[in-house]
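Dumped run_35.cif below, it's mmCIF, C-alpha atoms:
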```cif
data_work
#
loop_
_atom_site.label_atom_id
_atom_site.label_comp_id
_atom_site.auth_asym_id
_atom_site.auth_seq_id
_atom_site.Cartn_x
_atom_site.Cartn_y
_atom_site.Cartn_z
CA MET A 18 37.55 10.55 -26.33
CA THR A 19 35.46 8.78 -29.00
CA VAL A 20 35.02 5.83 -26.65
CA TYR A 21 33.63 8.09 -23.90
CA LEU A 22 31.31 9.79 -26.35
CA THR A 23 30.06 6.44 -27.62
CA LEU A 24 29.54 5.18 -24.06
CA GLY A 25 27.74 8.39 -23.11
CA ALA A 26 25.49 8.14 -26.15
CA ALA A 27 24.75 4.48 -25.38
CA ALA A 28 23.89 5.31 -21.76
CA ALA A 29 21.63 8.16 -22.87
CA PHE A 30 19.93 5.80 -25.34
CA VAL A 31 19.35 3.14 -22.64
CA ILE A 32 17.86 5.76 -20.31
CA PHE A 33 15.66 7.07 -23.11
CA VAL A 34 14.39 3.55 -23.94
CA LEU A 35 13.71 2.82 -20.27
CA LEU A 36 11.75 6.04 -19.87
CA LEU A 37 9.74 5.24 -22.99
CA LYS A 38 9.05 1.77 -21.64
CA ALA A 39 8.01 3.27 -18.31
CA GLY A 40 5.60 5.57 -20.13
CA ASP A 41 4.05 2.63 -21.96
CA GLN A 42 3.51 0.75 -18.73
CA GLU A 43 1.81 3.70 -17.08
CA SER A 44 -1.51 2.68 -18.65
CA GLU A 45 -1.07 -0.69 -16.95
CA VAL A 46 -0.93 1.08 -13.58
CA SER A 47 -4.05 3.06 -14.45
CA ALA A 48 -5.94 -0.12 -15.20
CA VAL A 49 -5.05 -1.67 -11.86
CA GLY A 50 -5.07 1.45 -9.79
CA GLU A 51 -8.12 3.26 -11.08
CA SER A 52 -10.64 1.12 -9.26
CA ASN A 53 -8.74 1.91 -6.15
CA TYR A 54 -9.71 4.85 -4.66
CA GLY A 55 -8.71 8.12 -6.12
CA ASN A 56 -5.90 10.35 -5.04
CA ARG A 57 -4.55 10.86 -1.59
CA PHE A 58 -1.97 13.03 0.06
CA GLY A 59 -2.48 12.27 3.70
CA PRO A 60 -2.04 9.02 5.54
CA VAL A 61 -3.14 6.07 3.43
CA ASN A 62 -5.14 4.42 6.19
CA GLY A 63 -2.32 5.13 8.60
CA LEU A 64 0.71 5.21 6.28
CA GLN A 65 2.06 8.48 4.96
CA PRO A 66 3.26 8.33 1.34
CA ALA A 67 6.87 8.75 2.49
CA GLU A 68 6.47 5.92 5.02
CA LEU A 69 5.03 3.70 2.33
CA ALA A 70 8.04 4.48 0.13
CA ILE A 71 10.41 3.54 2.96
CA ARG A 72 8.53 0.26 3.47
CA ILE A 73 8.80 -0.63 -0.21
CA PHE A 74 12.47 0.26 -0.48
CA SER A 75 13.31 -1.18 2.95
CA GLN A 76 16.93 -2.10 3.68
CA LYS A 77 15.82 -4.11 6.69
CA ASP A 78 13.84 -6.51 4.50
CA ARG A 79 16.76 -6.84 2.15
CA GLU A 80 19.11 -7.71 5.01
CA PHE A 81 16.61 -10.27 6.28
CA ILE A 82 16.56 -11.96 2.88
CA LEU A 83 20.36 -11.81 2.58
CA ARG A 84 20.63 -13.66 5.90
CA THR A 85 18.83 -16.66 4.39
CA ARG A 86 21.77 -17.08 1.96
CA SER A 87 19.38 -18.52 -0.59
CA SER A 88 19.96 -17.27 -4.11
CA ARG A 89 16.44 -18.36 -5.09
CA LEU A 90 14.89 -16.22 -2.34
CA GLN A 91 17.15 -13.30 -3.12
CA ARG A 92 16.21 -13.44 -6.80
CA LEU A 93 12.50 -13.69 -6.00
CA TYR A 94 12.75 -10.85 -3.51
CA ARG A 95 14.52 -8.56 -5.97
CA GLU A 96 11.91 -9.29 -8.62
CA GLU A 97 8.92 -8.84 -6.29
CA ARG A 98 10.21 -5.59 -4.80
CA ARG A 99 11.19 -4.25 -8.18
CA LYS A 100 7.61 -4.73 -9.39
CA VAL A 101 6.11 -3.00 -6.35
CA ALA A 102 8.65 -0.18 -6.48
CA LEU A 103 7.95 0.49 -10.16
CA TYR A 104 4.23 0.36 -9.49
CA TRP A 105 4.61 2.93 -6.69
CA VAL A 106 6.69 5.32 -8.79
CA ARG A 107 4.36 5.12 -11.81
CA ARG A 108 1.31 5.55 -9.64
CA THR A 109 2.77 8.54 -7.79
CA SER A 110 3.72 10.12 -11.09
CA ARG A 111 0.30 9.46 -12.64
CA ASP A 112 -1.60 10.68 -9.55
CA VAL A 113 0.31 13.91 -9.27
CA SER A 114 -0.14 14.65 -12.99
CA GLN A 115 -3.86 14.07 -12.71
CA ILE A 116 -4.10 16.27 -9.62
CA MET A 117 -2.16 19.08 -11.24
CA ARG A 118 -4.33 18.86 -14.37
CA ASN A 119 -7.46 19.19 -12.23
CA HIS A 120 -5.88 22.04 -10.30
CA ARG A 121 -5.01 23.86 -13.56
CA LEU A 122 -8.61 23.57 -14.74
CA ARG A 123 -9.92 24.94 -11.44
CA SER A 124 -7.31 27.72 -11.37
CA ARG A 125 -8.55 29.04 -14.72
CA GLN A 126 -11.83 29.94 -13.06
CA SER A 127 -10.27 31.45 -9.97
CA SER A 128 -10.11 35.22 -9.62
CA ASN A 129 -7.62 35.42 -6.77
CA LEU A 130 -4.68 33.23 -7.72
CA ASN A 131 -1.84 33.35 -5.26
CA VAL A 132 1.16 33.55 -7.57
CA ALA A 133 3.66 32.54 -4.90
CA VAL A 134 1.74 29.40 -4.00
CA GLU A 135 1.19 28.54 -7.67
CA MET A 136 4.90 28.92 -8.39
CA LYS A 137 5.73 26.75 -5.41
CA LEU A 138 3.31 24.11 -6.69
CA VAL A 139 4.81 24.09 -10.16
CA PHE A 140 8.31 23.88 -8.71
CA LEU A 141 7.37 20.94 -6.47
CA TYR A 142 5.56 19.24 -9.34
CA VAL A 143 8.51 19.51 -11.72
CA GLN A 144 10.84 18.25 -8.99
CA LEU A 145 8.60 15.26 -8.26
CA ARG A 146 8.16 14.29 -11.92
CA PHE A 147 11.91 14.54 -12.43
CA LEU A 148 12.56 12.40 -9.36
CA CYS A 149 10.04 9.82 -10.57
CA GLY A 150 11.85 9.63 -13.93
CA ILE A 151 15.20 9.11 -12.21
CA LEU A 152 13.70 6.53 -9.85
CA LEU A 153 12.26 4.56 -12.76
CA VAL A 154 15.62 4.41 -14.47
CA LEU A 155 17.53 3.55 -11.27
CA ILE A 156 15.08 0.82 -10.26
CA GLN A 157 15.18 -0.75 -13.72
CA LEU A 158 18.96 -0.57 -13.96
CA LEU A 159 20.15 -1.16 -10.41
CA GLY A 160 17.26 -2.66 -8.47
CA PRO A 161 14.82 -1.40 -5.85
CA HIS A 162 17.24 -0.74 -2.98
CA VAL A 163 19.66 1.74 -4.42
CA PRO A 164 17.32 4.76 -4.48
CA VAL A 165 15.78 4.50 -0.99
CA ASN A 166 16.54 8.12 -0.09
CA LEU A 167 15.27 9.39 -3.43
CA ALA A 168 12.06 7.44 -2.93
CA ALA A 169 11.55 8.89 0.53
CA ARG A 170 12.18 12.34 -0.94
CA ALA A 171 9.56 11.68 -3.63
CA GLY A 172 7.08 10.67 -0.92
CA GLU A 173 7.80 13.90 0.97
CA LEU A 174 7.38 16.02 -2.16
CA TYR A 175 4.05 14.32 -2.80
CA GLN A 176 2.88 15.32 0.68
CA ARG A 177 4.19 18.87 0.25
CA ILE A 178 2.18 19.23 -2.97
CA GLY A 179 -0.85 18.10 -0.97
CA ARG A 180 -0.18 20.78 1.66
CA ALA A 181 0.35 23.47 -0.99
CA LEU A 182 -2.93 22.48 -2.65
CA SER A 183 -4.78 22.80 0.68
CA GLU A 184 -3.35 26.31 1.00
CA VAL A 185 -4.73 27.11 -2.45
CA GLY A 186 -8.08 25.62 -1.43
CA ALA A 187 -8.13 27.77 1.71
CA VAL A 188 -7.39 30.92 -0.33
CA ASN A 189 -10.15 30.08 -2.81
CA ARG A 190 -12.62 29.39 -0.04
CA ALA A 191 -11.77 32.74 1.51
CA ALA A 192 -12.59 34.55 -1.74
CA PRO A 193 -15.75 36.68 -1.46
CA PRO A 194 -18.84 35.11 -2.98
CA GLY A 195 -19.40 36.13 -6.58
CA SER A 196 -15.83 37.26 -7.08
CA ILE A 197 -15.31 34.64 -9.80
CA ALA A 198 -18.47 35.67 -11.64
CA ALA A 199 -17.57 39.34 -11.33
CA SER A 200 -14.12 38.89 -12.83
CA MET B 24 -29.90 9.27 14.37
CA SER B 25 -27.44 12.13 14.66
CA ASN B 26 -23.91 11.70 13.42
CA SER B 27 -22.31 12.05 16.83
CA ILE B 28 -24.54 9.36 18.37
CA GLN B 29 -23.74 7.06 15.48
CA ARG B 30 -20.02 7.72 15.91
CA VAL B 31 -20.23 6.80 19.59
CA ARG B 32 -22.06 3.58 18.75
CA VAL B 33 -19.50 2.68 16.08
CA GLN B 34 -16.72 3.32 18.61
CA SER B 35 -18.48 1.10 21.18
CA ALA B 36 -18.88 -1.66 18.60
CA TYR B 37 -15.21 -1.28 17.69
CA ASP B 38 -14.12 -1.55 21.35
CA ASP B 39 -16.39 -4.54 21.88
CA LEU B 40 -14.96 -6.28 18.81
CA GLN B 41 -11.41 -5.71 20.05
CA ARG B 42 -12.16 -6.82 23.59
CA ARG B 43 -14.36 -9.84 23.11
CA THR B 44 -13.36 -11.29 19.76
CA LEU B 45 -10.03 -10.11 18.43
CA SER B 46 -8.13 -10.30 21.71
CA GLY B 47 -8.71 -14.07 21.64
CA ILE B 48 -7.02 -14.44 18.26
CA PRO B 49 -3.26 -14.74 18.65
CA CYS B 50 -1.93 -12.83 15.64
CA ASP B 51 -2.88 -9.97 13.34
CA PHE B 52 -2.80 -12.17 10.27
CA ALA B 53 -5.45 -14.47 11.76
CA ARG B 54 -7.46 -11.39 12.76
CA LEU B 55 -7.32 -10.18 9.20
CA ILE B 56 -8.57 -13.49 7.86
CA TYR B 57 -11.31 -13.57 10.49
CA LEU B 58 -12.49 -10.04 9.64
CA ALA B 59 -12.45 -10.80 5.91
CA SER B 60 -14.63 -13.81 6.63
CA THR B 61 -17.31 -11.54 8.14
CA ARG B 62 -17.64 -9.82 4.74
CA ASP B 63 -20.10 -10.99 2.12
CA TYR B 64 -18.25 -11.83 -1.11
CA ASN B 65 -21.05 -10.57 -3.33
CA SER B 66 -21.94 -7.30 -1.66
CA GLY B 67 -18.68 -6.52 0.13
CA LEU B 68 -20.73 -5.73 3.26
CA TYR B 69 -19.68 -6.91 6.71
CA HIS B 70 -21.96 -8.68 9.10
CA HIS B 71 -21.60 -9.83 12.70
CA GLU B 72 -24.71 -11.10 14.41
CA GLY B 73 -23.74 -10.25 17.99
CA LEU B 74 -22.43 -6.77 17.24
CA ALA B 75 -25.40 -5.94 15.01
CA ALA B 76 -27.84 -6.99 17.76
CA ARG B 77 -26.06 -4.82 20.33
CA TYR B 78 -25.10 -1.74 18.34
CA GLY B 79 -27.12 -1.81 15.11
CA VAL B 80 -26.38 -3.27 11.68
CA ASP B 81 -24.72 -0.19 10.17
CA GLU B 82 -22.63 0.56 13.24
CA ALA B 83 -21.41 -3.05 13.45
CA ARG B 84 -20.61 -2.97 9.74
CA GLN B 85 -18.64 0.24 10.10
CA ALA B 86 -16.72 -1.07 13.12
CA LEU B 87 -15.79 -4.27 11.27
CA GLN B 88 -14.72 -2.35 8.19
CA ASN B 89 -12.59 0.10 10.18
CA THR B 90 -10.93 -2.68 12.13
CA HIS B 91 -10.28 -4.67 8.97
CA ARG B 92 -8.50 -1.70 7.36
CA GLU B 93 -6.57 -0.92 10.51
CA ILE B 94 -5.21 -4.45 10.83
CA PHE B 95 -4.41 -4.60 7.13
CA CYS B 96 -2.45 -1.38 7.48
CA ARG B 97 -0.58 -2.77 10.49
CA LEU B 98 0.42 -5.84 8.49
CA VAL B 99 1.59 -3.77 5.53
CA SER B 100 3.70 -1.67 7.91
CA LEU B 101 5.45 -4.76 9.32
CA PRO B 102 8.95 -5.62 8.19
CA LEU B 103 9.05 -8.78 6.09
CA GLU B 104 10.50 -10.73 9.02
CA GLY B 105 7.49 -9.79 11.15
CA LEU B 106 5.07 -10.85 8.45
CA VAL B 107 6.81 -14.22 8.15
CA SER B 108 6.31 -14.73 11.92
CA GLU B 109 2.65 -13.77 11.59
CA LEU B 110 2.15 -16.25 8.78
CA GLU B 111 4.04 -18.93 10.69
CA THR B 112 1.72 -18.47 13.68
CA TYR B 113 -1.27 -18.66 11.37
CA VAL B 114 0.00 -21.91 9.80
CA ARG B 115 0.32 -23.40 13.30
CA MET B 116 -3.20 -22.31 14.16
CA SER B 117 -4.60 -23.92 11.03
CA HIS B 118 -3.52 -27.40 12.23
CA GLU B 119 -2.57 -28.22 8.63
CA ALA B 120 0.75 -29.73 7.62
CA PRO B 121 2.94 -26.76 6.65
CA VAL B 122 3.91 -28.29 3.29
CA GLY B 123 0.27 -28.75 2.28
CA PHE B 124 -0.69 -25.34 3.60
CA ILE B 125 2.06 -23.55 1.70
CA HIS B 126 1.28 -25.46 -1.48
CA ALA B 127 -2.45 -24.64 -1.26
CA TRP B 128 -1.81 -20.98 -0.53
CA GLU B 129 0.63 -20.63 -3.39
CA GLU B 130 -1.77 -22.31 -5.80
CA LEU B 131 -5.07 -20.76 -4.72
CA GLU B 132 -3.85 -17.45 -3.31
CA PRO B 133 -6.74 -17.27 -0.81
CA TYR B 134 -5.05 -14.32 0.93
CA ARG B 135 -6.28 -12.11 -1.92
CA VAL B 136 -9.77 -12.09 -0.43
CA ALA B 137 -8.37 -10.88 2.88
CA VAL B 138 -7.66 -7.45 1.41
CA PRO B 139 -10.16 -4.79 2.56
CA MET B 140 -11.95 -2.61 0.05
CA GLU B 141 -11.03 1.01 -0.49
CA VAL B 142 -7.43 0.85 0.58
CA ASP B 143 -4.56 2.26 -1.41
CA SER B 144 -3.65 0.05 -4.37
CA THR B 145 0.11 0.33 -3.74
CA MET B 146 -0.44 -1.01 -0.24
CA VAL B 147 -2.38 -3.92 -1.73
CA GLN B 148 0.46 -4.66 -4.19
CA LEU B 149 3.00 -4.57 -1.37
CA PHE B 150 0.89 -6.81 0.85
CA LEU B 151 0.31 -9.44 -1.85
CA SER B 152 3.96 -9.38 -2.83
CA ASN B 153 5.07 -9.75 0.80
CA ILE B 154 2.74 -12.71 1.34
CA ARG B 155 4.17 -14.44 -1.73
CA LEU B 156 7.65 -13.86 -0.33
CA ALA B 157 6.68 -14.98 3.17
CA LEU B 158 5.26 -18.23 1.77
CA GLU B 159 8.46 -18.83 -0.15
CA ILE B 160 10.51 -18.19 3.00
CA LEU B 161 8.39 -20.67 4.95
CA ARG B 162 8.84 -23.21 2.15
CA PHE B 163 12.59 -22.61 2.25
CA ARG B 164 12.69 -23.14 6.02
CA GLN B 165 10.59 -26.27 5.63
CA GLU B 166 12.96 -27.68 3.02
CA LYS B 167 15.95 -26.92 5.22
CA ASP B 168 14.36 -28.55 8.24
CA PRO B 169 11.63 -30.98 7.14
CA ALA B 170 11.28 -32.29 10.69
CA CYS B 171 9.81 -28.94 11.70
CA GLN B 172 6.14 -29.64 12.41
CA PRO B 173 3.46 -27.19 13.47
CA VAL B 174 2.98 -26.77 17.18
CA ALA B 175 -0.51 -27.71 18.30
CA SER B 176 -2.52 -24.69 19.32
CA LEU B 177 -5.40 -24.29 21.69
CA GLN B 178 -6.86 -21.62 19.48
CA PRO B 179 -9.81 -22.47 17.23
CA SER B 180 -8.95 -23.21 13.64
CA LEU B 181 -9.92 -20.10 11.69
CA GLY B 182 -9.20 -21.54 8.28
CA ARG B 183 -11.98 -24.10 8.50
#
```

Here is a file; write its structure as structure tokens.
Amino acid sequence: MTVYLTLGAAAAFVIFVLLLKAGDQESEVSAVGESNYGNRFGPVNGLQPAELAIRIFSQKDREFILRTRSSRLQRLYREERRKVALYWVRRTSRDVSQIMRNHRLRSRQSSNLNVAVEMKLVFLYVQLRFLCGILLVLIQLLGPHVPVNLAARAGELYQRIGRALSEVGAVNRAAPPGSIAAS
Amino acid sequence: MSNSIQRVRVQSAYDDLQRRTLSGIPCDFARLIYLASTRDYNSGLYHHEGLAARYGVDEARQALQNTHREIFCRLVSLPLEGLVSELETYVRMSHEAPVGFIHAWEELEPYRVAVPMEVDSTMVQLFLSNIRLALEILRFRQEKDPACQPVASLQPSLGR
């Protein structure tokens, strides 16, 4: 029993350290990513966020590298993909936080908040942030190919948040002029 | 000029570019390098004499920029195996010895300037990472079969 408790505590500690480390490196992503081009929910010049996730976490590429039977190539591949995968997760997480912060600021001035849509947004946001945390830990511990389905799911959630935000935008645009000032 | 007229002219310039120039280049990777070479390093603006004379400077610029992004996106979407084939074709076209080519590209990383502006930064990371891997795969193949020499190509050498 004590052994299991110790192992559980050790695992929790490792996860905690990895998450802290991931948080530290988020500023690194900002520095690289900021010059590039704001936030996006739709196709990134032809690639949907979920498609991009599938490309990064591709099993097909992994099988191609395994066929070479070169340990040097396999090591390099794991390292390269791990870096890109972590970059993608941190960037997705950072982007969605930024977008939700901006949305919160705008919502404060809105007179006709749609509670259902707002709740949906918060739910999707929490889900996505949670998934990003899990992805970071899994990628660091097990490599970039284990969580392919989770990554695709994160990409989908990202797009769904985009769609929910457009709904909010449409509602706000439909509000009668002066309704914000009158409230 | 109204927006719709400008859009039509950009589309015509785009079609012209595809038909007359890019169709003569045998792979997307070479097309990417070619399009990047029409961009000024200092201003980031594209220029193509023939297209500008026919369709206007801004329209030609827009067509080149759009095409550059489109081809970049196609290359990012390719599986790694496909990108290795693209790079292999490009090495053949360059008429350089593969060993020297791979060494120079790993040292100088000239492919970095082939990335278009204003594309998603994750796509850029994936592209650069895939090129590094593709070069390593070509080096591995070269080491396994040193007799493998580039096939002479009738295409012009774009790297020079």

Fill in the blank from the handout: Atom pair atom CA of A:Thr85 + atom CA of B:Ser108, distance 14.7 Å

Problem - A:Lys77 surroundings by only C-alpha atoms, 12 Å radius, close-in-sequence under 6 positions cut, as JSON, numbers by chain - result: {"A": [71, 83, 84, 162, 165], "B": [101, 102, 103, 104, 105]}

Problem - From B:Leu87, B:Val107, B:Val33, B:Ile28, residue lying nearest B:Arg155 [only C-alpha atoms] - result: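 Closest to B:Arg155 of all the choices is B:Val107.
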
Practice task
Could you tell me which of A:Ala169, A:Ala26, A:Ala67, A:Ile73 comes closest to chain B if we count all atoms listed in the file?
Solution key: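 The closest residue to chain B is A:Ile73.
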
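In this model, the gap between atom CA of B:Leu68 and atom CA of B:Arg115 comes to 29.3 Å.
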
Exercise for the section: Considering all atoms listed in the file, extract the chain B residues located within 8 Å of chain A and return them as a list in words. Expected result: Arg92, Glu93, Cys96, Ser100, Pro102, Leu103, Glu104, Glu141, Val142, Asp143, Ser144, Thr145, Met146, Gln148, Leu149, Ser152, Leu156, Glu159 and Ile160 of chain B

Keeping only C-alpha atoms, write those residues as an mmCIF file, keeping the file's coordinate frame.
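Writing the result to out_25.cif gives the following:
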```
data_model
loop_
_atom_site.group_PDB
_atom_site.id
_atom_site.type_symbol
_atom_site.label_atom_id
_atom_site.label_comp_id
_atom_site.auth_asym_id
_atom_site.auth_seq_id
_atom_site.Cartn_x
_atom_site.Cartn_y
_atom_site.Cartn_z
ATOM 1 C CA ARG B 92 -8.500 -1.700 7.360
ATOM 2 C CA GLU B 93 -6.570 -0.920 10.510
ATOM 3 C CA CYS B 96 -2.450 -1.380 7.480
ATOM 4 C CA SER B 100 3.700 -1.670 7.910
ATOM 5 C CA PRO B 102 8.950 -5.620 8.190
ATOM 6 C CA LEU B 103 9.050 -8.780 6.090
ATOM 7 C CA GLU B 104 10.500 -10.730 9.020
ATOM 8 C CA GLU B 141 -11.030 1.010 -0.490
ATOM 9 C CA VAL B 142 -7.430 0.850 0.580
ATOM 10 C CA ASP B 143 -4.560 2.260 -1.410
ATOM 11 C CA SER B 144 -3.650 0.050 -4.370
ATOM 12 C CA THR B 145 0.110 0.330 -3.740
ATOM 13 C CA MET B 146 -0.440 -1.010 -0.240
ATOM 14 C CA GLN B 148 0.460 -4.660 -4.190
ATOM 15 C CA LEU B 149 3.000 -4.570 -1.370
ATOM 16 C CA SER B 152 3.960 -9.380 -2.830
ATOM 17 C CA LEU B 156 7.650 -13.860 -0.330
ATOM 18 C CA GLU B 159 8.460 -18.830 -0.150
ATOM 19 C CA ILE B 160 10.510 -18.190 3.000
#
```
